[in-house]
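A.B. asks: Got a structure for you, final-v6.txt, holding compact mmCIF, C-alpha atoms.
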```txt
# COMPACT_ATOMS: atom_id res chain seq x y z
CA MET A 1 -12.22 4.65 0.65
CA VAL A 2 -12.66 0.90 0.19
CA VAL A 3 -15.23 -1.00 2.27
CA TYR A 4 -15.25 -4.80 2.32
CA VAL A 5 -16.38 -7.90 4.17
CA PRO A 6 -13.42 -10.22 4.85
CA ASN A 7 -13.74 -13.99 4.93
CA ALA A 8 -10.47 -14.60 6.77
CA ALA A 9 -8.17 -12.92 9.27
CA LEU A 10 -6.57 -9.67 8.19
CA THR A 11 -2.83 -9.74 7.53
CA PRO A 12 -0.75 -7.19 9.50
CA LEU A 13 0.28 -4.16 7.42
CA ASN A 14 4.00 -3.55 7.12
CA LYS A 15 5.29 -0.24 8.46
CA GLY A 16 7.60 1.90 6.37
CA ALA A 17 8.07 2.65 2.69
CA SER A 18 7.56 -0.29 0.36
CA CYS A 19 6.68 -0.89 -3.27
CA ASP A 20 3.16 -2.31 -2.93
CA SER A 21 0.65 -3.16 -5.60
CA CYS A 22 -2.93 -2.02 -5.00
CA SER A 23 -4.14 -5.55 -4.37
CA SER A 24 -1.33 -6.38 -1.92
CA LEU A 25 -2.60 -3.81 0.61
CA PHE A 26 -5.85 -5.72 1.11
CA SER A 27 -6.21 -9.02 2.91
CA GLY A 28 -8.84 -11.22 4.49
CA SER A 29 -10.13 -12.72 1.21
CA PRO A 30 -12.87 -10.09 0.62
CA ILE A 31 -16.22 -11.56 -0.41
CA ALA A 32 -18.12 -8.26 -0.83
CA VAL A 33 -16.43 -4.99 -1.83
CA ALA A 34 -17.48 -1.38 -2.48
CA GLN A 35 -15.96 2.07 -2.78
CA THR A 36 -17.37 5.17 -1.12
CA ASP A 37 -18.51 8.10 -3.26
CA ALA A 38 -17.78 11.79 -2.72
CA LYS A 39 -20.33 11.83 0.12
CA GLY A 40 -18.82 8.81 1.86
CA GLN A 41 -21.77 6.63 0.87
CA PHE A 42 -21.54 3.11 -0.49
CA SER A 43 -23.67 0.13 -1.37
CA LEU A 44 -22.23 -3.26 -0.48
CA ARG A 45 -23.94 -5.92 -2.57
CA ASN A 46 -23.89 -9.67 -1.96
CA ALA A 47 -22.81 -9.18 1.63
CA PRO A 48 -23.45 -12.09 3.99
CA GLU A 49 -26.40 -11.84 6.33
CA GLY A 50 -26.56 -12.74 9.99
CA ASP A 51 -25.08 -11.61 13.28
CA ASN A 52 -21.67 -10.07 13.96
CA ILE A 53 -20.63 -9.50 10.34
CA PRO A 54 -17.06 -8.11 10.00
CA LEU A 55 -16.60 -4.97 7.91
CA VAL A 56 -13.31 -3.25 7.01
CA VAL A 57 -12.84 0.40 5.97
CA GLN A 58 -9.46 1.15 4.41
CA ILE A 59 -7.35 3.65 2.45
CA GLY A 60 -3.79 2.46 1.90
CA LYS A 61 -2.38 1.68 5.34
CA TRP A 62 -5.24 3.38 7.20
CA ARG A 63 -7.48 0.46 8.19
CA ARG A 64 -10.20 -0.26 10.72
CA LEU A 65 -12.19 -3.44 11.35
CA TYR A 66 -15.79 -3.17 12.53
CA THR A 67 -18.35 -5.76 13.56
CA LEU A 68 -21.92 -5.09 12.45
CA PRO A 69 -24.29 -6.56 15.07
CA LYS A 70 -26.82 -7.70 12.48
CA VAL A 71 -27.20 -7.72 8.70
CA ILE A 72 -30.63 -8.61 7.31
CA GLY A 73 -30.79 -10.07 3.81
CA CYS A 74 -32.76 -8.62 0.88
CA GLN A 75 -33.03 -5.12 2.35
CA ASP A 76 -30.95 -2.01 2.97
CA ASN A 77 -28.91 -2.11 6.17
CA ALA A 78 -28.15 1.60 6.49
CA GLN A 79 -25.55 2.55 9.11
CA PRO A 80 -25.66 5.74 11.19
CA ASP A 81 -23.91 8.72 9.60
CA LYS A 82 -20.20 8.96 10.51
CA LEU A 83 -20.23 5.64 12.36
CA LEU A 84 -17.85 4.01 9.88
CA ARG A 85 -14.59 5.97 9.81
CA LEU A 86 -10.86 5.46 9.74
CA PRO A 87 -8.98 5.02 13.05
CA LYS A 88 -7.93 8.06 15.08
CA ASN A 89 -5.40 6.09 17.12
CA ARG A 90 -3.63 2.72 16.97
CA SER A 91 -5.99 1.10 19.45
CA GLU A 92 -8.79 1.54 16.89
CA GLY A 93 -6.87 0.16 13.92
CA ASP A 94 -3.94 0.67 11.59
CA ILE A 95 -2.39 4.09 10.93
CA PRO A 96 0.57 4.63 8.59
CA ASN A 97 3.88 5.64 10.10
CA ILE A 98 4.10 9.39 9.40
CA ALA A 99 7.11 11.69 9.79
CA ILE A 100 6.60 15.46 9.82
CA SER A 101 9.36 18.03 9.49
CA THR A 102 8.09 21.29 11.01
CA GLY A 103 8.91 24.83 9.97
CA GLU A 104 8.25 28.32 11.22
CA ALA A 105 6.14 29.40 8.25
CA ASP A 106 3.42 26.73 8.25
CA THR A 107 1.66 24.23 10.51
CA LEU A 108 1.23 21.19 8.30
CA GLU A 109 1.64 19.06 11.43
CA CYS A 110 -1.70 20.39 12.71
CA LEU A 111 -3.69 19.09 9.75
CA LEU A 112 -3.68 15.57 11.19
CA ARG A 113 -5.17 16.81 14.48
CA ARG A 114 -8.01 18.59 12.69
CA ILE A 115 -8.89 15.57 10.59
CA GLY A 116 -9.22 13.51 13.78
CA VAL A 117 -5.89 11.91 14.72
CA ASP A 118 -5.47 11.83 18.50
CA ALA A 119 -2.81 13.99 20.15
CA SER A 120 -1.50 10.83 21.83
CA GLU A 121 -0.19 9.64 18.46
CA TYR A 122 2.31 12.55 18.31
CA VAL A 123 5.85 11.81 19.49
CA PRO A 124 9.15 13.68 19.12
CA GLY A 125 11.47 11.88 16.70
CA ALA A 126 11.64 8.19 15.98
CA GLY A 127 10.22 5.52 18.26
CA THR A 128 7.40 3.04 18.63
CA GLN A 129 5.00 4.94 20.92
CA GLY A 130 3.10 6.85 18.25
CA SER A 131 2.27 7.08 14.56
CA VAL A 132 3.03 10.79 14.01
CA HIS A 133 6.75 11.51 14.44
CA ILE A 134 7.76 15.15 14.73
CA PHE A 135 11.16 16.50 13.65
CA ARG A 136 12.28 20.14 13.70
CA GLY A 137 13.13 21.92 10.47
CA GLU A 138 15.63 24.78 10.33
CA ASP A 139 14.96 28.11 12.04
CA SER A 140 14.60 31.28 9.96
CA ASP A 141 16.28 34.57 10.77
CA ASP A 142 13.50 35.75 13.08
CA LYS A 143 11.49 32.69 14.15
CA LEU A 144 12.06 29.17 15.41
CA ALA A 145 10.74 26.06 13.73
CA HIS A 146 7.79 24.57 15.60
CA ASP A 147 8.79 22.10 18.28
CA THR A 148 7.41 19.52 20.69
CA ALA A 149 7.79 19.19 24.46
CA PRO A 150 10.22 17.53 25.07
CA SER A 151 12.10 18.90 22.09
CA ALA A 152 12.19 16.98 18.81
CA PRO A 153 15.43 16.19 16.94
CA ARG A 154 16.47 18.20 13.90
CA SER A 155 15.18 16.92 10.56
CA ALA A 156 18.55 17.19 8.85
CA ASP A 157 20.25 15.22 11.63
CA ALA A 158 17.70 12.48 12.34
CA LEU A 159 15.16 12.31 9.50
CA TRP A 160 16.58 12.85 6.02
CA SER A 161 20.17 12.19 7.05
CA SER A 162 20.00 8.92 5.09
CA LYS A 163 17.63 6.85 2.98
CA ASN A 164 17.50 4.27 5.79
CA SER A 165 16.23 6.88 8.26
CA LEU A 166 13.42 7.82 5.88
CA MET A 167 12.46 4.25 5.02
CA SER A 168 10.92 3.76 8.47
CA TYR A 169 8.05 6.03 7.43
CA ASP A 170 5.17 5.41 5.06
CA ILE A 171 4.57 9.15 4.58
CA LEU A 172 6.81 12.21 4.90
CA LEU A 173 5.25 15.67 5.37
CA LEU A 174 7.53 18.69 4.85
CA SER A 175 6.10 21.87 6.37
CA CYS A 176 7.38 25.18 5.00
CA GLU A 177 10.42 26.57 6.85
CA GLY A 178 10.08 30.16 5.61
CA GLN A 179 13.17 29.79 3.45
CA GLU A 180 14.63 27.29 1.01
CA THR A 181 15.34 24.00 2.77
CA GLU A 182 18.83 23.86 4.26
CA ARG A 183 21.08 20.85 4.79
CA MET A 184 19.12 18.75 2.30
CA ASN A 185 20.12 15.18 1.53
CA GLN A 186 18.48 15.21 -1.89
CA ARG A 187 19.80 11.78 -2.83
CA ALA A 188 18.20 10.22 0.28
CA LEU A 189 14.77 11.73 -0.49
CA TYR A 190 15.04 10.73 -4.15
CA GLU A 191 15.84 7.11 -3.29
CA TYR A 192 13.14 7.03 -0.59
CA ALA A 193 10.45 8.15 -3.04
CA ASN A 194 11.62 5.73 -5.71
CA ALA A 195 11.48 2.87 -3.18
CA GLY A 196 7.83 3.53 -2.35
CA GLY A 197 7.93 6.51 -0.01
CA ARG A 198 5.17 9.14 -0.10
CA VAL A 199 6.22 12.80 0.16
CA PHE A 200 4.08 15.92 0.71
CA ALA A 201 6.11 19.13 0.37
CA SER A 202 4.87 22.69 0.80
CA HIS A 203 6.19 26.00 -0.59
CA TYR A 204 9.92 26.50 0.02
CA HIS A 205 10.48 22.75 -0.03
CA TYR A 206 10.50 23.11 -3.82
CA ALA A 207 14.26 23.14 -3.29
CA TRP A 208 14.19 19.34 -3.09
CA PHE A 209 12.86 19.14 -6.65
CA SER A 210 14.21 22.17 -8.52
CA SER A 211 17.77 20.84 -8.21
CA GLY A 212 19.55 17.60 -7.31
CA PRO A 213 18.40 14.23 -8.68
CA PHE A 214 14.80 15.37 -9.10
CA GLY A 215 15.96 18.54 -10.87
CA SER A 216 16.76 16.63 -14.05
CA GLU A 217 13.37 14.89 -14.28
CA ASN A 218 11.36 17.64 -16.00
CA LEU A 219 8.80 17.95 -13.21
CA ALA A 220 7.94 21.64 -13.62
CA SER A 221 9.27 25.07 -14.47
CA TRP A 222 10.37 26.46 -11.12
CA ASP A 223 10.26 30.06 -9.92
CA GLU A 224 12.27 30.39 -6.73
CA GLY A 225 11.50 32.62 -3.77
CA GLY A 226 8.57 33.53 -1.55
CA ASN A 227 6.34 34.48 -4.50
CA ASP A 228 3.23 35.28 -2.45
CA ILE A 229 0.38 35.98 -4.89
CA GLY A 230 -2.07 36.79 -2.11
CA ASP A 231 -5.57 35.48 -1.69
CA THR A 232 -6.79 33.88 -4.89
CA ASP A 233 -9.13 31.26 -6.31
CA GLY A 234 -8.04 27.90 -7.63
CA ASP A 235 -9.45 25.93 -10.56
CA ILE A 236 -9.75 22.18 -9.95
CA VAL A 237 -8.23 20.17 -12.81
CA THR A 238 -10.46 17.37 -14.11
CA GLN A 239 -8.71 16.61 -17.41
CA LEU A 240 -5.31 15.24 -18.34
CA ALA A 241 -3.02 17.26 -20.59
CA ASP A 242 -4.25 15.32 -23.65
CA GLY A 243 -7.90 16.07 -22.91
CA ARG A 244 -8.82 12.68 -21.49
CA PRO A 245 -10.64 12.55 -18.13
CA PHE A 246 -8.62 12.77 -14.92
CA PRO A 247 -10.74 10.47 -12.68
CA LYS A 248 -9.18 11.43 -9.36
CA GLY A 249 -9.42 15.11 -10.27
CA ARG A 250 -13.14 14.67 -10.86
CA ALA A 251 -13.48 12.88 -7.52
CA PHE A 252 -11.49 15.70 -5.88
CA ALA A 253 -13.84 18.36 -7.28
CA ASP A 254 -16.93 16.40 -6.24
CA TRP A 255 -15.59 15.87 -2.72
CA LEU A 256 -14.68 19.55 -2.26
CA ALA A 257 -18.17 20.51 -3.40
CA ASN A 258 -19.72 18.04 -0.95
CA VAL A 259 -17.82 19.51 2.03
CA ASP A 260 -18.72 23.07 0.95
CA ALA A 261 -15.10 24.04 0.26
CA LEU A 262 -15.86 25.58 -3.16
CA GLU A 263 -17.30 28.98 -4.00
CA ASP A 264 -18.82 29.18 -7.48
CA GLY A 265 -16.92 26.04 -8.39
CA LYS A 266 -13.52 27.41 -7.31
CA LEU A 267 -11.34 26.81 -4.25
CA PRO A 268 -10.73 30.00 -2.21
CA ILE A 269 -7.08 30.12 -1.10
CA ASP A 270 -5.38 32.37 1.45
CA GLU A 271 -1.82 33.51 0.67
CA ALA A 272 -1.13 31.26 -2.33
CA ARG A 273 2.43 30.87 -3.61
CA ASN A 274 3.61 30.71 -7.22
CA ASN A 275 6.67 28.50 -7.47
CA ALA A 276 5.77 25.98 -10.18
CA SER A 277 4.26 25.89 -13.65
CA VAL A 278 3.31 22.50 -15.09
CA SER A 279 2.66 22.15 -18.81
CA ALA A 280 2.02 19.17 -21.09
CA SER A 281 5.78 18.94 -21.65
CA ASN A 282 6.31 18.17 -17.94
CA THR A 283 5.20 14.61 -18.57
CA PRO A 284 5.78 13.10 -15.08
CA SER A 285 3.56 15.66 -13.34
CA GLN A 286 -0.19 16.05 -12.98
CA PRO A 287 -1.62 19.39 -11.76
CA TRP A 288 -4.64 19.29 -9.43
CA ILE A 289 -5.20 23.00 -8.63
CA LEU A 290 -4.30 25.93 -10.90
CA ALA A 291 -4.50 29.62 -10.03
CA ASP A 292 -7.51 31.00 -11.89
CA GLU A 293 -7.46 33.62 -14.64
CA ASP A 294 -7.96 36.51 -12.21
CA SER A 295 -4.92 35.56 -10.12
CA GLU A 296 -1.63 37.45 -10.10
CA ALA A 297 -0.15 34.31 -11.66
CA PRO A 298 -2.85 32.71 -13.85
CA GLY A 299 -2.27 28.99 -14.41
CA ALA A 300 0.32 28.59 -11.63
CA ALA A 301 0.37 25.00 -10.37
CA LEU A 302 -0.71 25.38 -6.74
CA TYR A 303 -0.94 21.61 -6.40
CA PHE A 304 0.66 18.92 -8.52
CA SER A 305 1.75 15.32 -8.06
CA PHE A 306 4.01 12.81 -9.73
CA ASN A 307 4.63 9.09 -9.32
CA THR A 308 8.05 7.56 -8.76
CA PRO A 309 10.27 6.37 -10.28
CA THR A 310 9.38 8.87 -13.02
CA ALA A 311 11.21 6.85 -15.70
CA THR A 312 9.61 3.41 -15.69
CA VAL A 313 10.43 0.71 -18.22
CA THR A 314 7.32 -1.05 -19.50
CA SER A 315 6.00 -2.48 -22.72
CA PRO A 316 3.39 -0.37 -24.58
CA ASP A 317 0.61 -2.62 -23.27
CA ALA A 318 1.79 -2.86 -19.66
CA PRO A 319 1.07 -0.42 -16.82
CA ALA A 320 3.85 1.78 -15.49
CA LEU A 321 5.91 0.29 -12.67
CA TYR A 322 5.43 2.97 -10.02
CA CYS A 323 6.31 2.60 -6.33
CA GLY A 324 6.06 6.01 -4.63
CA ARG A 325 4.32 9.36 -4.97
CA VAL A 326 5.16 13.03 -4.37
CA VAL A 327 2.85 16.03 -3.95
CA PHE A 328 4.04 19.63 -4.11
CA SER A 329 1.76 22.32 -2.69
CA GLY A 330 1.81 26.09 -2.93
CA LEU A 331 -0.80 26.28 -0.16
CA HIS A 332 -0.10 26.79 3.53
CA VAL A 333 -2.18 25.17 6.27
CA GLY A 334 -1.24 27.99 8.62
CA ALA A 335 -2.55 30.73 6.34
CA ALA A 336 -6.13 30.02 7.44
CA SER A 337 -5.75 27.93 10.58
CA GLY A 338 -5.38 30.05 13.70
CA ASP A 339 -2.64 27.75 15.03
CA GLU A 340 -0.44 29.16 17.81
CA ASP A 341 3.10 29.53 16.49
CA ASP A 342 4.81 29.54 19.89
CA ASP A 343 2.99 26.62 21.52
CA PRO A 344 4.43 23.12 21.26
CA VAL A 345 3.07 20.56 18.82
CA PRO A 346 0.32 19.37 18.99
CA THR A 347 -1.15 21.50 21.82
CA GLY A 348 -0.72 24.65 19.73
CA CYS A 349 -2.99 23.33 17.00
CA ALA A 350 -6.28 25.20 16.81
CA ASP A 351 -9.42 23.19 17.45
CA ARG A 352 -11.57 24.36 14.57
CA ALA A 353 -13.15 23.26 11.32
CA LEU A 354 -11.01 22.82 8.26
CA SER A 355 -10.54 25.84 6.02
CA PRO A 356 -11.24 25.28 2.30
CA GLN A 357 -7.55 24.88 1.50
CA GLU A 358 -7.14 22.47 4.42
CA ALA A 359 -10.00 20.40 3.04
CA ALA A 360 -8.02 20.16 -0.20
CA LEU A 361 -4.95 19.13 1.79
CA GLU A 362 -6.98 16.46 3.59
CA PHE A 363 -8.07 14.88 0.31
CA MET A 364 -4.52 14.94 -1.02
CA LEU A 365 -3.13 13.39 2.16
CA PHE A 366 -5.42 10.39 1.85
CA ASP A 367 -4.81 10.16 -1.89
CA LEU A 368 -1.09 10.13 -1.09
CA SER A 369 -1.76 7.29 1.37
CA SER A 370 -3.55 5.14 -1.20
CA CYS A 371 -1.94 2.77 -3.68
CA VAL A 372 -0.04 4.32 -6.58
CA MET A 373 -1.60 4.14 -10.03
CA GLU A 374 -1.52 6.00 -13.34
CA ASP A 375 -3.49 9.24 -13.47
CA ASP A 376 -5.78 8.07 -16.28
CA ARG A 377 -7.18 5.21 -14.19
CA PRO A 378 -9.97 5.47 -11.62
CA PRO A 379 -9.37 3.93 -8.17
CA GLU A 380 -10.03 0.21 -8.15
CA PRO A 381 -11.32 -1.95 -5.25
CA PRO A 382 -9.63 -5.27 -4.43
CA PRO A 383 -10.85 -8.37 -6.24
CA VAL A 384 -13.69 -10.34 -4.68
CA VAL A 385 -13.16 -13.95 -3.63
CA ILE A 386 -15.92 -16.13 -5.07
CA LEU A 387 -17.05 -18.73 -2.55
CA GLU A 388 -17.93 -22.15 -3.92
```
Show me, as structure tokens, the structure contained in the file I just sent.
C.D. replies:
Amino acid sequence: MVVYVPNAALTPLNKGASCDSCSSLFSGSPIAVAQTDAKGQFSLRNAPEGDNIPLVVQIGKWRRLYTLPKVIGCQDNAQPDKLLRLPKNRSEGDIPNIAISTGEADTLECLLRRIGVDASEYVPGAGTQGSVHIFRGEDSDDKLAHDTAPSAPRSADALWSSKNSLMSYDILLLSCEGQETERMNQRALYEYANAGGRVFASHYHYAWFSSGPFGSENLASWDEGGNDIGDTDGDIVTQLADGRPFPKGRAFADWLANVDALEDGKLPIDEARNNASVSASNTPSQPWILADEDSEAPGAALYFSFNTPTATVTSPDAPALYCGRVVFSGLHVGAASGDEDDDPVPTGCADRALSPQEAALEFMLFDLSSCVMEDDRPPEPPPVVILE
């Protein structure tokens, strides 16, 4: 998370998918900037002193503006633990526009409740009254996709029916439907991601990527089906395929350790799925979690990401021209959640602490929200404005 002192009014953040540079997401002419570490701590140097000092906390399009009553120069000005956080509703600050397609086999929609987003932000379908927009996925043979009250529109009819329908949303979360996704508009999702959309897809939603436009982009070796490999441990990836450091992977491992999600350095996972293998030859993709050597499927990519468009045209000395980002997950939120399948969203979401695999999902959600950069680069804060 980036923390900064602005020296001017903040610019409103645009809603919907867009191809933003990292620096374009920040405004207010920052004069003191810091990044939080794995414990959420930061040291903001050269901050102005005095009364009513503005302070912004931000990740991508999550943003909240605080006013510190007093900052005293030449000494630490420690703030109470957990005082500075991202907004839980739109009255507190900016929240990205998020669309969630539900399913009957997982409860990805409940993750946002457990990380602190207010239930009032949930609305069925499109509209302006909330930031979390629920759409119903397809029903399976024996269960219905999770729904809202009043009922939400079908995802295939109102969400991914066209690229334009998707472009209203900064982030798209696809919760497992218990079967391969039906009535897909693969071209719409492909164009949405390439235009700056962020996509988080779990389990059976591999169907978006194993065929169609994404199917020709060498993302992974796909193994179709349920492929439940049971409870297993995951290894956190901290190196790139060529042996260089993977900075975000290292930050991921440190953060999971700090929130006590690891056991002996590994992530315990309930009901993992093996649908993807990512090797060095799958050049667009970066694995984050691999099934460990004692798993039924050692080395299976339980989490991997790729930036879009995957084929960017740059000079050898220029950075890749990425706009969007996609995460595929073989982990279910519902496997360790206690969510009520038959209750409407979000009242059926269990009020409990995050499971280890949900903690991993939380990190990946906020990473998905942040600006898109190459995997060999560490996150960078916005530039500081030097006052004359």
A.B. asks: Using all atoms listed in the file, determine which residues lie at most 9 Å from Asp270 (chain A), disregarding the query and same-chain residues fewer than 4 positions distant; provide the list as a PyMOL selection string.
C.D. replies: chain A and resi 230-233+331-332+335-336+357
A.B. asks: Can you spit out the residues from that selection as a compact mmCIF listing (two decimals), in the frame of the given file, using C-alpha atoms?
C.D. replies:
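part-v9.txt, written as the output of this step:
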```
# COMPACT_ATOMS: atom_id res chain seq x y z
CA GLY A 230 -2.07 36.79 -2.11
CA ASP A 231 -5.57 35.48 -1.69
CA THR A 232 -6.79 33.88 -4.89
CA ASP A 233 -9.13 31.26 -6.31
CA LEU A 331 -0.80 26.28 -0.16
CA HIS A 332 -0.10 26.79 3.53
CA ALA A 335 -2.55 30.73 6.34
CA ALA A 336 -6.13 30.02 7.44
CA GLN A 357 -7.55 24.88 1.50
```
A.B. asks: Point out the residue among A:Val117, A:Ala359, A:Cys176, A:Cys371 with the least atom-to-atom distance to Glu138 (chain A), counting all atoms listed in the file.
C.D. replies: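 Once distances to Glu138 (chain A) are computed over all atoms listed in the file, the minimum belongs to A:Cys176.
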A.B. asks: Distance CA of Ser120 (chain A)-CA of Ile134 (chain A), one decimal place?
C.D. replies: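 Distance between the two atoms: 12.4 Å.
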A.B. asks: Given all atoms listed in the file as the basis, pick out the residue of A:Pro381, A:Gly197, A:Pro124, A:Pro309 nearest to Ile31 (chain A).
C.D. replies: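 Between A:Pro381, A:Gly197, A:Pro124, A:Pro309, the residue approaching Ile31 (chain A) most closely is A:Pro381.
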A.B. asks: Around the point (12.9, 3.5, -0.4) in the file's coordinates, collect all residues with an atom within 12 Å, using all atoms listed in the file, and return them as a ChimeraX atom specification.
C.D. replies: /A:16-20,160,162-172,187-199,308-309,323-325
A.B. asks: What separation in Å, quoted to one decimal, exists between CA of Lys248 (chain A) and CA of Asn307 (chain A)?
C.D. replies: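 Those two atoms sit 14.0 Å apart.
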A.B. asks: Please return the centre and edge lengths, in Å to one decimal, of a box with edges along x, y and z that contains all listed atoms of region 21-25 of chain A, widened by 3 Å on every side, as AutoDock Vina command-line options.
C.D. replies:
```
--center_x -1.7 --center_y -4.2 --center_z -2.5 --size_x 10.8 --size_y 10.4 --size_z 12.2
```
A.B. asks: Working from the structure I just supplied, which lacks atoms in region 288-307 of chain A, can you model N, CA and C atoms there and output them as a compact mmCIF listing (two decimals), in the coordinates of the input?
C.D. replies:
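Below is the file selection17.txt, written as the result:
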```txt
# COMPACT_ATOMS: atom_id res chain seq x y z
N TRP A 288 -3.33 19.50 -10.05
CA TRP A 288 -4.64 19.29 -9.43
C TRP A 288 -5.36 20.63 -9.23
N ILE A 289 -4.62 21.68 -8.86
CA ILE A 289 -5.20 23.00 -8.63
C ILE A 289 -4.34 24.03 -9.38
N LEU A 290 -4.97 24.86 -10.18
CA LEU A 290 -4.30 25.93 -10.90
C LEU A 290 -4.87 27.27 -10.47
N ALA A 291 -4.01 28.27 -10.32
CA ALA A 291 -4.50 29.62 -10.03
C ALA A 291 -5.39 30.09 -11.18
N ASP A 292 -6.54 30.66 -10.85
CA ASP A 292 -7.51 31.00 -11.89
C ASP A 292 -7.07 32.23 -12.68
N GLU A 293 -7.85 32.57 -13.69
CA GLU A 293 -7.46 33.62 -14.64
C GLU A 293 -7.37 35.00 -14.01
N ASP A 294 -8.01 35.21 -12.87
CA ASP A 294 -7.96 36.51 -12.21
C ASP A 294 -6.82 36.62 -11.20
N SER A 295 -6.03 35.57 -11.07
CA SER A 295 -4.92 35.56 -10.12
C SER A 295 -3.77 36.43 -10.62
N GLU A 296 -2.86 36.78 -9.71
CA GLU A 296 -1.63 37.45 -10.10
C GLU A 296 -0.73 36.57 -10.95
N ALA A 297 -0.94 35.26 -10.87
CA ALA A 297 -0.15 34.31 -11.66
C ALA A 297 -1.09 33.27 -12.26
N PRO A 298 -1.87 33.64 -13.27
CA PRO A 298 -2.85 32.71 -13.85
C PRO A 298 -2.18 31.41 -14.32
N GLY A 299 -2.79 30.28 -13.96
CA GLY A 299 -2.27 28.99 -14.41
C GLY A 299 -1.15 28.43 -13.56
N ALA A 300 -0.73 29.14 -12.51
CA ALA A 300 0.32 28.59 -11.63
C ALA A 300 -0.17 27.29 -11.01
N ALA A 301 0.72 26.31 -10.94
CA ALA A 301 0.37 25.00 -10.37
C ALA A 301 0.46 25.09 -8.85
N LEU A 302 -0.68 25.26 -8.20
CA LEU A 302 -0.71 25.38 -6.74
C LEU A 302 -0.72 24.01 -6.07
N TYR A 303 -0.98 22.99 -6.85
CA TYR A 303 -0.94 21.61 -6.40
C TYR A 303 -0.59 20.74 -7.59
N PHE A 304 0.45 19.93 -7.50
CA PHE A 304 0.66 18.92 -8.52
C PHE A 304 1.33 17.70 -7.89
N SER A 305 1.19 16.57 -8.57
CA SER A 305 1.75 15.32 -8.06
C SER A 305 2.52 14.62 -9.17
N PHE A 306 3.37 13.69 -8.77
CA PHE A 306 4.01 12.81 -9.73
C PHE A 306 4.34 11.49 -9.04
N ASN A 307 4.32 10.43 -9.82
CA ASN A 307 4.63 9.09 -9.32
C ASN A 307 6.10 8.77 -9.53
```
